[in-house]
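First up is the structure itself, then whatever we jot down about it.
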Amino acid sequence: MHTATANCQAAEFLPGDRLAVLLPLPLAGVYDYLVGNGQRLAAGDFVRVQLGRGQAIGVVWSAGGTIEADKCRPVIERLDQVPLPLPSRRFIDWVAAYTLAAPGAVLRMAMSVRSAIDPKPRQRRAAPCPLPDWRRPGLALSADQAVAAAALRRAVGGGFTVTLLEGVTGSGKTEVYFEAVAEVLARGRQVLVLLPEISLSAQWLARFAARFGAPPREWHSDLTDKARRDTWRAVAEGAAKVVVGARSALFLPFRDLGLIVVDEEHDASFKQEDGVIYHARDMAVVRARLGAIPIALVSATPSLETRTNVEAGRYRRLHLPTRHGGAKLPSLQLIDMRRHGTARQSWLSQPLIDALTDALAAGEQAMLFLNRRGYAPLTLCRACGHRLKCPHCTAWLVSHRSGPLGGGSATERLRCHHCGYSSPLPAACPECRAADSFAACGPGVERLAEEVAARFPDARTAVMTSDTISGPRAAADLVDRMVRHEIDLLIGTQIVAKGHHFPLLTVVGVVDADLGLAGGDLRAAERTYQLLWQVAGRAGRAAHAGHALLQTYQPEDKVMEALVSGDADRFFAAETEDRRAAGMPPFGRLAALIVSGPEATAVDRLAAELARRAPRGADIEVFGPVAAPLAVLRGRHRRRFLLKTARTVPVQSVLRRWLDQIRPPSSLRLQVDIDPYSFL
Ligand SMILES: [Zn+2]
Ligand SMILES: [Zn+2]
């Protein structure tokens with residue numbers, strides 16, 4: 001095994017040539033093989049090869065390396081499959097080099113559907129799919145939309161460019177980038193649209209189908225094996241014209257990609273936190289550059305990173321300053337909970353109750369937002385104060401009282417939101433043996449729903465969280481019921497904030513606006529601003545004026561002030577200055593190193609070893625090791641380092657030199673997180 005990068009030289013390999021094959025294995029680089037008799041192979045071909053005593057499927061990556069020809073085994077066969085295109089191969093190399101993941105681990109993401117690449121005979125035929133029709137007319141655009149759409153259309157076919165499409169919530173950004181999609185389709189090329197939480201995006205899918213007369217291809221974790229297989233092949237063959245997907249769709253083998261759109265580009269769920277750790281928005285920009293195609297980043301609240309790139313002239317900005325169809329942005333009001341407060345075991349202040357009452361009386365809809373799943377985030381013993389914790393993680397157990405699909409019949413269960421551990425409420429306190437001594441502390445959405453039911457017994461309510469929504473269909477059903485006004489009051493976590501359009505929704509109440517500010521990592525203020533602005537933006541999107549009420553104990557916090565003033569630019573300017581002064585991203589670079597293992601002593605020993613060999617130098621700082629905030633996760637002890645450097649420092653080679661000196665025992669794991677978003 002050695003390393004090699006994809007290249008376009010050596011167009012063809014003939015019998016007797018040595019070539020390097022990349023295998024989709026977690027630790028692998030390339031392996032050398034010989035072209036067998038009668039074979040003609042080219043870079044990108046999928047091939048079956050011998051590996052140890054078994055066989056494996058890999059991709060011809062480049063000319064062979066250092067292994068002598070007589071020690072190489074011949075390629076068994078070339079698979080009847082469209083070769084992996086050069087931009088995809090170069091992308092895999094790029095992502096591996098940037099994230100410090102093994103190229104084989106990245107290739108594995110591109111080859112996630114084994115049966116698509118090496119199908120059994122009965123799996124070969126894919127059902128034909130209707131194609132989106134770009135000739136259909138789009139909706140009438142406002143003047144602002146038309147200008148932006150024309151600019152995006154012009155970008156199509158013009159090589160690599162990055163465009164930020166920024167528009168207030170409800171401004172019709174989707175219709176604008178649909179015009180660019182139509183342009184790409186007219187040219188016969190493919191489009192990739194990345195959406196966070198694609199499984200919740202039924203409304204987006206419906207709008208797409210209405211615009212183009214056929215649905216796009218979907219790519220996310222809720223698909224059947226057959227759908228994955230069909231889509232993977234259709235993408236490789238060029239038959240799938242538009243793919244809408246989660247971050248992993250970036251690794252699909254597009255035959256002729258002509259445009260990438262990253263919708264809600266600021267969304268933190270674009271960061272993949274397991275396996276190969278990468279940020280899909282950032283990698284999408286790289287993929288566009290490698291494919292020499294335009295990319296559009298779309299948001300009502302662009303990330304600070306993207307804003308900085310616009311300011312530096314690296315990205316272009318198109319702006320939609322007003323809502324579509326004359327709808328007004330919602331009024332935003334802070335409720336100072338230090339003055340108003342709530343009754344015991346109650347979470348709604350009087351002003352919010354009044355606003356909800358008025359909306360319901362007027363036959364309008366309301367939404368309550370609380371970013372906490374379950375009934376209560378903490379359960380403690382009233383007798384001794386003992387808190388119920390997960391046996392495998394540094395985390396409290398969250399009480400859940402409703403059934404798996406939101407039914408109220410299930411008994412109380414305690415669940416760990418980090419590892420999935422679940423248990424019934426114990427009969428007695430494990431610490432002091434007191435019986436019936438447990439008290440639920442604080443509200444989750446289920447508990448909030450209890451209060452709503454008591455206060456508004458006639459209102460038809462529903463709870464929308466990842467616990468009550470079992471998949472795309474359940475999400476679509478709930479959204480439909482809301483649109484048809486079969487629900488008066490929707491209670492939900494962050495999944496209600498995402499892109500939904502509810503014309504009759506006029507009041508949005510944020511129960512605990514301060515929730516995201518605790519913990520205070522680098523992006524806490526920015527993320528809280530973005531989330532609350534998105535939530536508030538659900539209100540008043542059609543003929544009725546909208547109101548958003550935010551309950552806060554910190555009304556003077558910069559985030560709350562920015563939300564009320566509506567002056568996003570000033571808020572982001574201040575945040576940007578803070579980051580610049582502190583040398584934080586995007587002005588400096590961060591990388592996290594996480595050591596984990598089943599035994600604390602072994603983890604500490606390795607962490608100490610890493611600390612001794614930590615890189616030093618101008619513009620390089622290493623913090624740690626420290627116990628991670630999630631010091632134990634799934635039974636593994638965790639220690640963190642944070643590497644902070646100037647932008648000019650090649651952080652990957654610094655890390656590589658550091659880690660090359662260390663041979664961790666197999667029970668321990670070393671994870672590298674370049675540009676970390678989570679600090680847990
Ligand atoms: Zn107790
Ligand atoms: Zn746990």
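Ligands are numbered from 1 in the order shown, residues from 1 within each chain, and chains are lettered A, B, ... in the order they appear in the structure tokens.
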Find the spatial neighbours of segment 628-631 of chain A, counting only C-alpha atoms, within a cut-off of 8 Å - ignore same-chain residues fewer than 4 positions away - and output them as a short mmCIF file (atom, residue, chain, number, x, y, z; two decimals) with all heavy atoms, in the first residue's frame.
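As written to disk, selection20.cif reads:
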data_model
loop_
_atom_site.label_atom_id
_atom_site.label_comp_id
_atom_site.auth_asym_id
_atom_site.auth_seq_id
_atom_site.Cartn_x
_atom_site.Cartn_y
_atom_site.Cartn_z
N CYS A 393 -22.22 7.82 29.33
CA CYS A 393 -21.82 9.14 28.85
C CYS A 393 -21.83 10.14 29.99
O CYS A 393 -22.49 9.93 31.00
CB CYS A 393 -22.79 9.67 27.78
SG CYS A 393 -23.04 8.58 26.38
N THR A 394 -21.09 11.23 29.81
CA THR A 394 -21.17 12.34 30.75
C THR A 394 -22.39 13.17 30.38
O THR A 394 -22.28 14.23 29.77
CB THR A 394 -19.91 13.21 30.66
OG1 THR A 394 -18.77 12.36 30.67
CG2 THR A 394 -19.82 14.18 31.83
N ALA A 395 -23.55 12.67 30.71
CA ALA A 395 -24.77 13.36 30.29
C ALA A 395 -25.93 12.96 31.19
O ALA A 395 -25.98 11.82 31.67
CB ALA A 395 -25.11 13.00 28.84
N HIS A 637 -13.62 7.12 27.17
CA HIS A 637 -13.11 8.35 27.79
C HIS A 637 -12.49 9.23 26.72
O HIS A 637 -11.84 8.72 25.81
CB HIS A 637 -12.09 8.01 28.86
CG HIS A 637 -12.69 7.22 29.98
ND1 HIS A 637 -13.14 7.79 31.15
CD2 HIS A 637 -12.96 5.89 30.07
CE1 HIS A 637 -13.65 6.85 31.92
NE2 HIS A 637 -13.56 5.69 31.30
N ARG A 638 -12.70 10.53 26.84
CA ARG A 638 -12.27 11.42 25.75
C ARG A 638 -11.46 12.61 26.27
O ARG A 638 -11.81 13.23 27.26
CB ARG A 638 -13.49 11.94 24.99
CG ARG A 638 -14.36 10.83 24.43
CD ARG A 638 -15.71 11.33 24.02
NE ARG A 638 -15.68 12.03 22.76
CZ ARG A 638 -16.01 13.30 22.60
NH1 ARG A 638 -16.40 14.01 23.63
NH2 ARG A 638 -15.95 13.86 21.42
N ARG A 639 -10.35 12.87 25.60
CA ARG A 639 -9.53 14.05 25.89
C ARG A 639 -9.37 14.84 24.61
O ARG A 639 -9.22 14.25 23.55
CB ARG A 639 -8.15 13.63 26.42
CG ARG A 639 -8.18 12.71 27.61
CD ARG A 639 -8.63 13.42 28.89
NE ARG A 639 -8.64 12.50 30.02
CZ ARG A 639 -9.71 11.80 30.41
NH1 ARG A 639 -10.86 11.94 29.76
NH2 ARG A 639 -9.65 10.98 31.42
N ARG A 640 -9.34 16.15 24.77
CA ARG A 640 -9.26 16.99 23.57
C ARG A 640 -8.03 17.87 23.55
O ARG A 640 -7.60 18.38 24.59
CB ARG A 640 -10.48 17.94 23.50
CG ARG A 640 -11.80 17.27 23.29
CD ARG A 640 -12.87 18.34 23.14
NE ARG A 640 -12.68 19.08 21.91
CZ ARG A 640 -13.44 18.92 20.83
NH1 ARG A 640 -14.44 18.07 20.85
NH2 ARG A 640 -13.20 19.61 19.75
N PHE A 679 -17.46 21.45 20.02
CA PHE A 679 -16.34 21.44 20.96
C PHE A 679 -16.64 20.54 22.14
O PHE A 679 -16.10 20.70 23.21
CB PHE A 679 -16.00 22.87 21.38
CG PHE A 679 -15.54 23.71 20.21
CD1 PHE A 679 -16.47 24.37 19.41
CD2 PHE A 679 -14.20 23.80 19.88
CE1 PHE A 679 -16.05 25.11 18.31
CE2 PHE A 679 -13.78 24.54 18.79
CZ PHE A 679 -14.71 25.20 18.00
N LEU A 680 -17.56 19.59 21.94
CA LEU A 680 -17.97 18.71 23.03
C LEU A 680 -17.04 17.50 23.14
O LEU A 680 -16.45 17.08 22.18
CB LEU A 680 -19.39 18.22 22.79
CG LEU A 680 -20.45 19.31 22.90
CD1 LEU A 680 -21.83 18.75 22.62
CD2 LEU A 680 -20.40 19.95 24.29
#
Inset, instruction - Enumerate residues in contact with ligand 1: an atom-to-atom distance of at most 12 Å, counting only C-alpha atoms and all ligand atoms. Format the result as a list in words. - result: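 The neighbouring residues of ligand 1 are, in order, Thr379, Leu380, Cys381, Arg382, Ala383, Cys384, Gly385, His386, Arg387, Leu388, Pro426, Ala427, Ala428, Cys429, Pro430, Glu431, Cys432, Arg433, Ala434, Ala435, Asp436, Ser437, Phe438 and Ala439 of chain A.
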What are the closest atom pairs, with distances in Å to one decimal, for each residue of chain A lying within 9 Å of ligand 2, using only C-alpha atoms and all ligand atoms, rows by chain and rising residue number, as JSON lines?
{"residue": "A:Lys389", "atom": "CA", "partner": "ligand 2", "partner_atom_place_in_ligand_line": "1 (Zn)", "distance": 8.2}
{"residue": "A:Cys390", "atom": "CA", "partner": "ligand 2", "partner_atom_place_in_ligand_line": "1 (Zn)", "distance": 4.8}
{"residue": "A:Pro391", "atom": "CA", "partner": "ligand 2", "partner_atom_place_in_ligand_line": "1 (Zn)", "distance": 6.5}
{"residue": "A:His392", "atom": "CA", "partner": "ligand 2", "partner_atom_place_in_ligand_line": "1 (Zn)", "distance": 4.7}
{"residue": "A:Cys393", "atom": "CA", "partner": "ligand 2", "partner_atom_place_in_ligand_line": "1 (Zn)", "distance": 4.2}
{"residue": "A:Thr394", "atom": "CA", "partner": "ligand 2", "partner_atom_place_in_ligand_line": "1 (Zn)", "distance": 7.2}
{"residue": "A:Ala395", "atom": "CA", "partner": "ligand 2", "partner_atom_place_in_ligand_line": "1 (Zn)", "distance": 6.5}
{"residue": "A:Trp396", "atom": "CA", "partner": "ligand 2", "partner_atom_place_in_ligand_line": "1 (Zn)", "distance": 8.3}
{"residue": "A:Leu397", "atom": "CA", "partner": "ligand 2", "partner_atom_place_in_ligand_line": "1 (Zn)", "distance": 7.8}
{"residue": "A:Arg415", "atom": "CA", "partner": "ligand 2", "partner_atom_place_in_ligand_line": "1 (Zn)", "distance": 7.8}
{"residue": "A:Cys416", "atom": "CA", "partner": "ligand 2", "partner_atom_place_in_ligand_line": "1 (Zn)", "distance": 4.5}
{"residue": "A:His417", "atom": "CA", "partner": "ligand 2", "partner_atom_place_in_ligand_line": "1 (Zn)", "distance": 6.6}
{"residue": "A:His418", "atom": "CA", "partner": "ligand 2", "partner_atom_place_in_ligand_line": "1 (Zn)", "distance": 5.0}
{"residue": "A:Cys419", "atom": "CA", "partner": "ligand 2", "partner_atom_place_in_ligand_line": "1 (Zn)", "distance": 4.1}
{"residue": "A:Gly420", "atom": "CA", "partner": "ligand 2", "partner_atom_place_in_ligand_line": "1 (Zn)", "distance": 6.1}
{"residue": "A:Tyr421", "atom": "CA", "partner": "ligand 2", "partner_atom_place_in_ligand_line": "1 (Zn)", "distance": 5.5}
{"residue": "A:Ser422", "atom": "CA", "partner": "ligand 2", "partner_atom_place_in_ligand_line": "1 (Zn)", "distance": 8.6}
{"residue": "A:Val632", "atom": "CA", "partner": "ligand 2", "partner_atom_place_in_ligand_line": "1 (Zn)", "distance": 8.4}
{"residue": "A:Leu633", "atom": "CA", "partner": "ligand 2", "partner_atom_place_in_ligand_line": "1 (Zn)", "distance": 6.3}
{"residue": "A:Arg634", "atom": "CA", "partner": "ligand 2", "partner_atom_place_in_ligand_line": "1 (Zn)", "distance": 5.6}
{"residue": "A:Gly635", "atom": "CA", "partner": "ligand 2", "partner_atom_place_in_ligand_line": "1 (Zn)", "distance": 7.9}
Using C-alpha atoms, can you write the selected residues to a file as an mmCIF file, in the first residue's frame?
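Output file selection-v7.cif is given in full below:
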data_model
loop_
_atom_site.group_PDB
_atom_site.id
_atom_site.type_symbol
_atom_site.label_atom_id
_atom_site.label_comp_id
_atom_site.auth_asym_id
_atom_site.auth_seq_id
_atom_site.Cartn_x
_atom_site.Cartn_y
_atom_site.Cartn_z
ATOM 1 C CA LYS A 389 -27.082 10.142 34.514
ATOM 2 C CA CYS A 390 -26.314 7.955 31.529
ATOM 3 C CA PRO A 391 -24.145 4.985 32.550
ATOM 4 C CA HIS A 392 -22.120 5.366 29.321
ATOM 5 C CA CYS A 393 -21.819 9.136 28.846
ATOM 6 C CA THR A 394 -21.166 12.338 30.752
ATOM 7 C CA ALA A 395 -24.771 13.363 30.287
ATOM 8 C CA TRP A 396 -28.045 13.556 32.155
ATOM 9 C CA LEU A 397 -30.818 11.247 31.130
ATOM 10 C CA ARG A 415 -33.029 8.292 27.414
ATOM 11 C CA CYS A 416 -29.525 9.403 26.640
ATOM 12 C CA HIS A 417 -29.495 11.676 23.614
ATOM 13 C CA HIS A 418 -25.838 10.921 22.957
ATOM 14 C CA CYS A 419 -25.707 7.124 22.866
ATOM 15 C CA GLY A 420 -29.336 6.000 22.705
ATOM 16 C CA TYR A 421 -29.318 4.302 26.134
ATOM 17 C CA SER A 422 -32.843 3.968 27.447
ATOM 18 C CA VAL A 632 -17.240 9.923 28.513
ATOM 19 C CA LEU A 633 -19.215 9.064 25.396
ATOM 20 C CA ARG A 634 -20.572 5.587 24.679
ATOM 21 C CA GLY A 635 -18.283 4.233 27.350
#
Legend entry - strand (DSSP E) residues, from DSSP on the backbone, in segment 353-418 of chain A, as an MDAnalysis selection string: chainID A and resid 365:369 378:381 398:400 413:415
Writer output for current selection, all heavy atoms, as a short mmCIF file (atom, residue, chain, number, x, y, z; two decimals), in the first residue's frame:
data_model
loop_
_atom_site.label_atom_id
_atom_site.label_comp_id
_atom_site.auth_asym_id
_atom_site.auth_seq_id
_atom_site.Cartn_x
_atom_site.Cartn_y
_atom_site.Cartn_z
N GLN A 365 -52.88 30.60 13.19
CA GLN A 365 -52.08 29.53 13.80
C GLN A 365 -50.92 30.12 14.60
O GLN A 365 -50.48 31.25 14.34
CB GLN A 365 -51.53 28.62 12.71
CG GLN A 365 -52.58 27.74 12.08
CD GLN A 365 -52.03 27.01 10.88
OE1 GLN A 365 -51.47 27.63 9.97
NE2 GLN A 365 -52.17 25.69 10.85
N ALA A 366 -50.44 29.32 15.53
CA ALA A 366 -49.30 29.75 16.34
C ALA A 366 -48.30 28.61 16.44
O ALA A 366 -48.63 27.44 16.20
CB ALA A 366 -49.76 30.16 17.74
N MET A 367 -47.09 28.97 16.78
CA MET A 367 -46.04 27.98 16.92
C MET A 367 -45.22 28.30 18.17
O MET A 367 -44.93 29.47 18.45
CB MET A 367 -45.14 28.03 15.69
CG MET A 367 -44.13 26.94 15.62
SD MET A 367 -43.42 26.92 13.95
CE MET A 367 -41.94 27.84 14.29
N LEU A 368 -44.91 27.27 18.94
CA LEU A 368 -44.02 27.44 20.09
C LEU A 368 -42.74 26.66 19.82
O LEU A 368 -42.79 25.50 19.43
CB LEU A 368 -44.68 26.93 21.38
CG LEU A 368 -45.75 27.84 21.96
CD1 LEU A 368 -46.45 27.15 23.12
CD2 LEU A 368 -45.14 29.18 22.41
N PHE A 369 -41.64 27.34 20.05
CA PHE A 369 -40.35 26.74 19.75
C PHE A 369 -39.56 26.54 21.04
O PHE A 369 -39.38 27.46 21.83
CB PHE A 369 -39.57 27.66 18.81
CG PHE A 369 -38.15 27.25 18.59
CD1 PHE A 369 -37.84 26.19 17.77
CD2 PHE A 369 -37.12 27.93 19.21
CE1 PHE A 369 -36.53 25.81 17.56
CE2 PHE A 369 -35.80 27.56 19.01
CZ PHE A 369 -35.51 26.49 18.18
N LEU A 378 -33.75 16.89 32.82
CA LEU A 378 -33.06 16.40 34.01
C LEU A 378 -34.09 15.84 34.99
O LEU A 378 -35.15 16.42 35.18
CB LEU A 378 -32.29 17.56 34.67
CG LEU A 378 -31.74 17.33 36.07
CD1 LEU A 378 -30.67 16.25 36.08
CD2 LEU A 378 -31.18 18.62 36.65
N THR A 379 -33.74 14.71 35.58
CA THR A 379 -34.58 14.12 36.61
C THR A 379 -33.72 13.98 37.86
O THR A 379 -32.64 13.40 37.80
CB THR A 379 -35.11 12.75 36.17
OG1 THR A 379 -35.83 12.91 34.95
CG2 THR A 379 -36.02 12.14 37.22
N LEU A 380 -34.20 14.52 38.99
CA LEU A 380 -33.40 14.37 40.21
C LEU A 380 -34.23 13.88 41.38
O LEU A 380 -35.46 13.95 41.37
CB LEU A 380 -32.63 15.65 40.54
CG LEU A 380 -33.31 16.97 40.82
CD1 LEU A 380 -34.02 16.96 42.16
CD2 LEU A 380 -32.26 18.07 40.81
N CYS A 381 -33.50 13.36 42.39
CA CYS A 381 -34.15 12.83 43.58
C CYS A 381 -34.38 13.98 44.56
O CYS A 381 -33.44 14.67 44.93
CB CYS A 381 -33.26 11.76 44.21
SG CYS A 381 -33.82 11.23 45.84
N VAL A 398 -32.57 12.12 29.76
CA VAL A 398 -33.71 12.97 29.42
C VAL A 398 -34.98 12.15 29.56
O VAL A 398 -35.08 11.04 29.03
CB VAL A 398 -33.58 13.50 27.99
CG1 VAL A 398 -34.79 14.35 27.62
CG2 VAL A 398 -32.29 14.29 27.83
N SER A 399 -35.93 12.70 30.29
CA SER A 399 -37.19 12.00 30.48
C SER A 399 -38.08 12.17 29.25
O SER A 399 -38.22 13.27 28.71
CB SER A 399 -37.87 12.57 31.73
OG SER A 399 -39.24 12.46 31.63
N HIS A 400 -38.62 11.05 28.79
CA HIS A 400 -39.58 11.06 27.67
C HIS A 400 -40.87 10.40 28.15
O HIS A 400 -40.83 9.32 28.71
CB HIS A 400 -39.04 10.26 26.47
CG HIS A 400 -37.97 10.98 25.70
ND1 HIS A 400 -38.18 11.50 24.45
CD2 HIS A 400 -36.69 11.27 26.02
CE1 HIS A 400 -37.07 12.09 24.02
NE2 HIS A 400 -36.14 11.96 24.96
N ARG A 413 -39.91 7.01 30.16
CA ARG A 413 -38.61 6.40 29.94
C ARG A 413 -37.53 7.47 30.03
O ARG A 413 -37.78 8.64 29.77
CB ARG A 413 -38.54 5.73 28.57
CG ARG A 413 -39.31 4.44 28.49
CD ARG A 413 -38.92 3.62 27.26
NE ARG A 413 -37.66 2.91 27.38
CZ ARG A 413 -37.52 1.76 28.03
NH1 ARG A 413 -38.55 1.20 28.64
NH2 ARG A 413 -36.35 1.16 28.09
N LEU A 414 -36.35 7.02 30.40
CA LEU A 414 -35.20 7.92 30.46
C LEU A 414 -34.29 7.57 29.31
O LEU A 414 -33.99 6.39 29.09
CB LEU A 414 -34.47 7.75 31.79
CG LEU A 414 -35.34 8.08 33.00
CD1 LEU A 414 -34.64 7.63 34.28
CD2 LEU A 414 -35.64 9.57 33.06
N ARG A 415 -33.85 8.58 28.59
CA ARG A 415 -33.03 8.29 27.41
C ARG A 415 -31.80 9.19 27.38
O ARG A 415 -31.84 10.34 27.80
CB ARG A 415 -33.83 8.53 26.14
CG ARG A 415 -34.92 7.51 25.95
CD ARG A 415 -35.20 7.37 24.47
NE ARG A 415 -36.54 7.80 24.16
CZ ARG A 415 -36.88 8.35 22.98
NH1 ARG A 415 -35.95 8.57 22.07
NH2 ARG A 415 -38.11 8.68 22.75
#
Inset, instruction - Measuring atom to atom with only C-alpha atoms, identify which of A:Ala562, A:Leu549, A:Ala497, A:Leu131 is nearest to Ala525 of chain A. - result: A:Ala562
Legend entry - Selection: 12 Å around Gly617 of chain A, only C-alpha atoms, excl. self and same-chain fewer than 6 positions, as a ChimeraX atom specification: /A:643-646,649,651,654
Could the residues of segment 442-558 of chain A that have an atom at most 10 Å from segment 300-315 of chain A be listed as CSV, each with its closest atom pair and the distance in Å to one decimal, counting only C-alpha atoms and ordered by chain and ascending residue number?
residue,atom,partner,partner_atom,distance
A:Arg523,CA,A:Leu304,CA,9.1
A:Glu526,CA,A:Leu304,CA,7.8
A:Arg527,CA,A:Ser303,CA,8.6
A:Tyr529,CA,A:Thr301,CA,8.4
A:Gln530,CA,A:Thr301,CA,5.7
A:Leu531,CA,A:Thr301,CA,8.8
A:Trp533,CA,A:Thr301,CA,7.7
A:Gln534,CA,A:Ala300,CA,7.7
A:Gly537,CA,A:Ala300,CA,9.3
Let me see the file: selected residues, N, CA and C atoms, as a PDB file, in the first residue's frame.
ATOM      1  N   ARG A 523     -19.107  29.839  18.091  1.00  0.00           N
ATOM      2  CA  ARG A 523     -20.211  30.252  17.230  1.00  0.00           C
ATOM      3  C   ARG A 523     -21.543  30.322  17.962  1.00  0.00           C
ATOM      4  N   GLU A 526     -23.561  33.479  17.076  1.00  0.00           N
ATOM      5  CA  GLU A 526     -23.956  33.446  15.667  1.00  0.00           C
ATOM      6  C   GLU A 526     -25.053  32.416  15.417  1.00  0.00           C
ATOM      7  N   ARG A 527     -24.856  31.223  15.979  1.00  0.00           N
ATOM      8  CA  ARG A 527     -25.839  30.164  15.753  1.00  0.00           C
ATOM      9  C   ARG A 527     -27.191  30.511  16.362  1.00  0.00           C
ATOM     10  N   TYR A 529     -28.376  33.489  16.900  1.00  0.00           N
ATOM     11  CA  TYR A 529     -28.981  34.507  16.054  1.00  0.00           C
ATOM     12  C   TYR A 529     -29.643  33.865  14.833  1.00  0.00           C
ATOM     13  N   GLN A 530     -28.900  32.984  14.166  1.00  0.00           N
ATOM     14  CA  GLN A 530     -29.423  32.365  12.937  1.00  0.00           C
ATOM     15  C   GLN A 530     -30.668  31.538  13.212  1.00  0.00           C
ATOM     16  N   LEU A 531     -30.605  30.746  14.285  1.00  0.00           N
ATOM     17  CA  LEU A 531     -31.729  29.861  14.591  1.00  0.00           C
ATOM     18  C   LEU A 531     -32.976  30.673  14.941  1.00  0.00           C
ATOM     19  N   TRP A 533     -33.679  33.758  14.252  1.00  0.00           N
ATOM     20  CA  TRP A 533     -34.159  34.510  13.097  1.00  0.00           C
ATOM     21  C   TRP A 533     -34.956  33.603  12.160  1.00  0.00           C
ATOM     22  N   GLN A 534     -34.464  32.377  11.976  1.00  0.00           N
ATOM     23  CA  GLN A 534     -35.193  31.406  11.148  1.00  0.00           C
ATOM     24  C   GLN A 534     -36.548  31.075  11.765  1.00  0.00           C
ATOM     25  N   GLY A 537     -38.886  33.819  11.449  1.00  0.00           N
ATOM     26  CA  GLY A 537     -39.239  33.980  10.039  1.00  0.00           C
ATOM     27  C   GLY A 537     -40.355  33.064   9.571  1.00  0.00           C
TER      28      GLY A 537
END
Inset, instruction - Show which residues sit within 6 Å of segment 157-165 of chain A, as an NGL selection string. Count only C-alpha atoms, and ignore same-chain residues fewer than 5 positions away. - result: :A and (289 or 292-298 or 315-318)
Give one line per residue of segment 531-603 of chain A that approaches segment 327-342 of chain A to at most 10 Å, naming the two atoms of the closest pair and their distance in Å to one decimal, counting only C-alpha atoms; sort by chain then ascending residue number and deliver it as a Markdown table.
| residue | atom | partner | partner_atom | distance |
| --- | --- | --- | --- | --- |
| A:Trp533 | CA | A:Leu332 | CA | 9.4 |
| A:Ala536 | CA | A:Pro330 | CA | 7.0 |
| A:Gly537 | CA | A:Pro330 | CA | 6.7 |
| A:Arg538 | CA | A:Pro330 | CA | 8.5 |
| A:Ala539 | CA | A:Pro330 | CA | 6.0 |
| A:Gly540 | CA | A:Pro330 | CA | 6.0 |
| A:Arg541 | CA | A:Ala327 | CA | 5.9 |
| A:Ala542 | CA | A:Ala327 | CA | 5.5 |
| A:Ala543 | CA | A:Ala327 | CA | 6.2 |
| A:His544 | CA | A:Ala327 | CA | 7.7 |
| A:Ala545 | CA | A:Lys328 | CA | 6.4 |
| A:Gly546 | CA | A:Pro330 | CA | 4.3 |
| A:His547 | CA | A:Ser331 | CA | 4.8 |
| A:Ala548 | CA | A:Leu332 | CA | 4.8 |
| A:Leu549 | CA | A:Gln333 | CA | 4.9 |
| A:Leu550 | CA | A:Leu334 | CA | 4.8 |
| A:Gln551 | CA | A:Ile335 | CA | 4.7 |
| A:Thr552 | CA | A:Asp336 | CA | 5.5 |
| A:Tyr553 | CA | A:Met337 | CA | 5.1 |
| A:Gln554 | CA | A:Asp336 | CA | 7.4 |
| A:Pro555 | CA | A:Asp336 | CA | 6.1 |
| A:Glu556 | CA | A:Asp336 | CA | 9.5 |
| A:Met560 | CA | A:Leu334 | CA | 7.5 |
| A:Glu561 | CA | A:Leu334 | CA | 8.9 |
| A:Leu563 | CA | A:Leu332 | CA | 7.3 |
| A:Val564 | CA | A:Leu332 | CA | 5.6 |
| A:Ser565 | CA | A:Leu332 | CA | 8.6 |
| A:Gly566 | CA | A:Leu332 | CA | 8.6 |
Legend entry - For segment 135-148 of chain A: contacts at 7 Å, only C-alpha atoms, fewer than 3 positions along chain excluded, given as a PyMOL selection string: chain A and resi 151-152+176+211-212+318+320
Mind dumping the selected residues with N, CA, C and O atoms as a JSON list (two decimals), in the first residue's frame?
[["chain", "number", "residue", "atom", "x", "y", "z"],
["A", 151, "ALA", "N", -28.69, 36.91, -12.94],
["A", 151, "ALA", "CA", -27.26, 36.82, -12.60],
["A", 151, "ALA", "C", -26.84, 35.37, -12.38],
["A", 151, "ALA", "O", -25.77, 34.95, -12.83],
["A", 152, "LEU", "N", -27.69, 34.60, -11.70],
["A", 152, "LEU", "CA", -27.36, 33.19, -11.47],
["A", 152, "LEU", "C", -27.35, 32.41, -12.78],
["A", 152, "LEU", "O", -26.50, 31.56, -13.01],
["A", 176, "VAL", "N", -35.69, 31.71, -7.21],
["A", 176, "VAL", "CA", -34.57, 32.33, -7.92],
["A", 176, "VAL", "C", -33.57, 31.25, -8.37],
["A", 176, "VAL", "O", -33.18, 31.20, -9.53],
["A", 211, "ARG", "N", -42.66, 23.18, -10.26],
["A", 211, "ARG", "CA", -41.91, 24.02, -11.20],
["A", 211, "ARG", "C", -41.46, 23.23, -12.43],
["A", 211, "ARG", "O", -41.50, 23.72, -13.55],
["A", 212, "PHE", "N", -41.00, 21.99, -12.20],
["A", 212, "PHE", "CA", -40.37, 21.24, -13.30],
["A", 212, "PHE", "C", -41.18, 20.03, -13.77],
["A", 212, "PHE", "O", -40.73, 19.28, -14.63],
["A", 318, "LEU", "N", -25.76, 38.18, -4.12],
["A", 318, "LEU", "CA", -27.03, 38.64, -4.67],
["A", 318, "LEU", "C", -27.98, 38.78, -3.49],
["A", 318, "LEU", "O", -28.00, 37.92, -2.62],
["A", 320, "LEU", "N", -31.86, 39.69, -1.81],
["A", 320, "LEU", "CA", -33.31, 39.90, -1.90],
["A", 320, "LEU", "C", -33.75, 40.53, -0.58],
["A", 320, "LEU", "O", -33.90, 39.84, 0.42]]
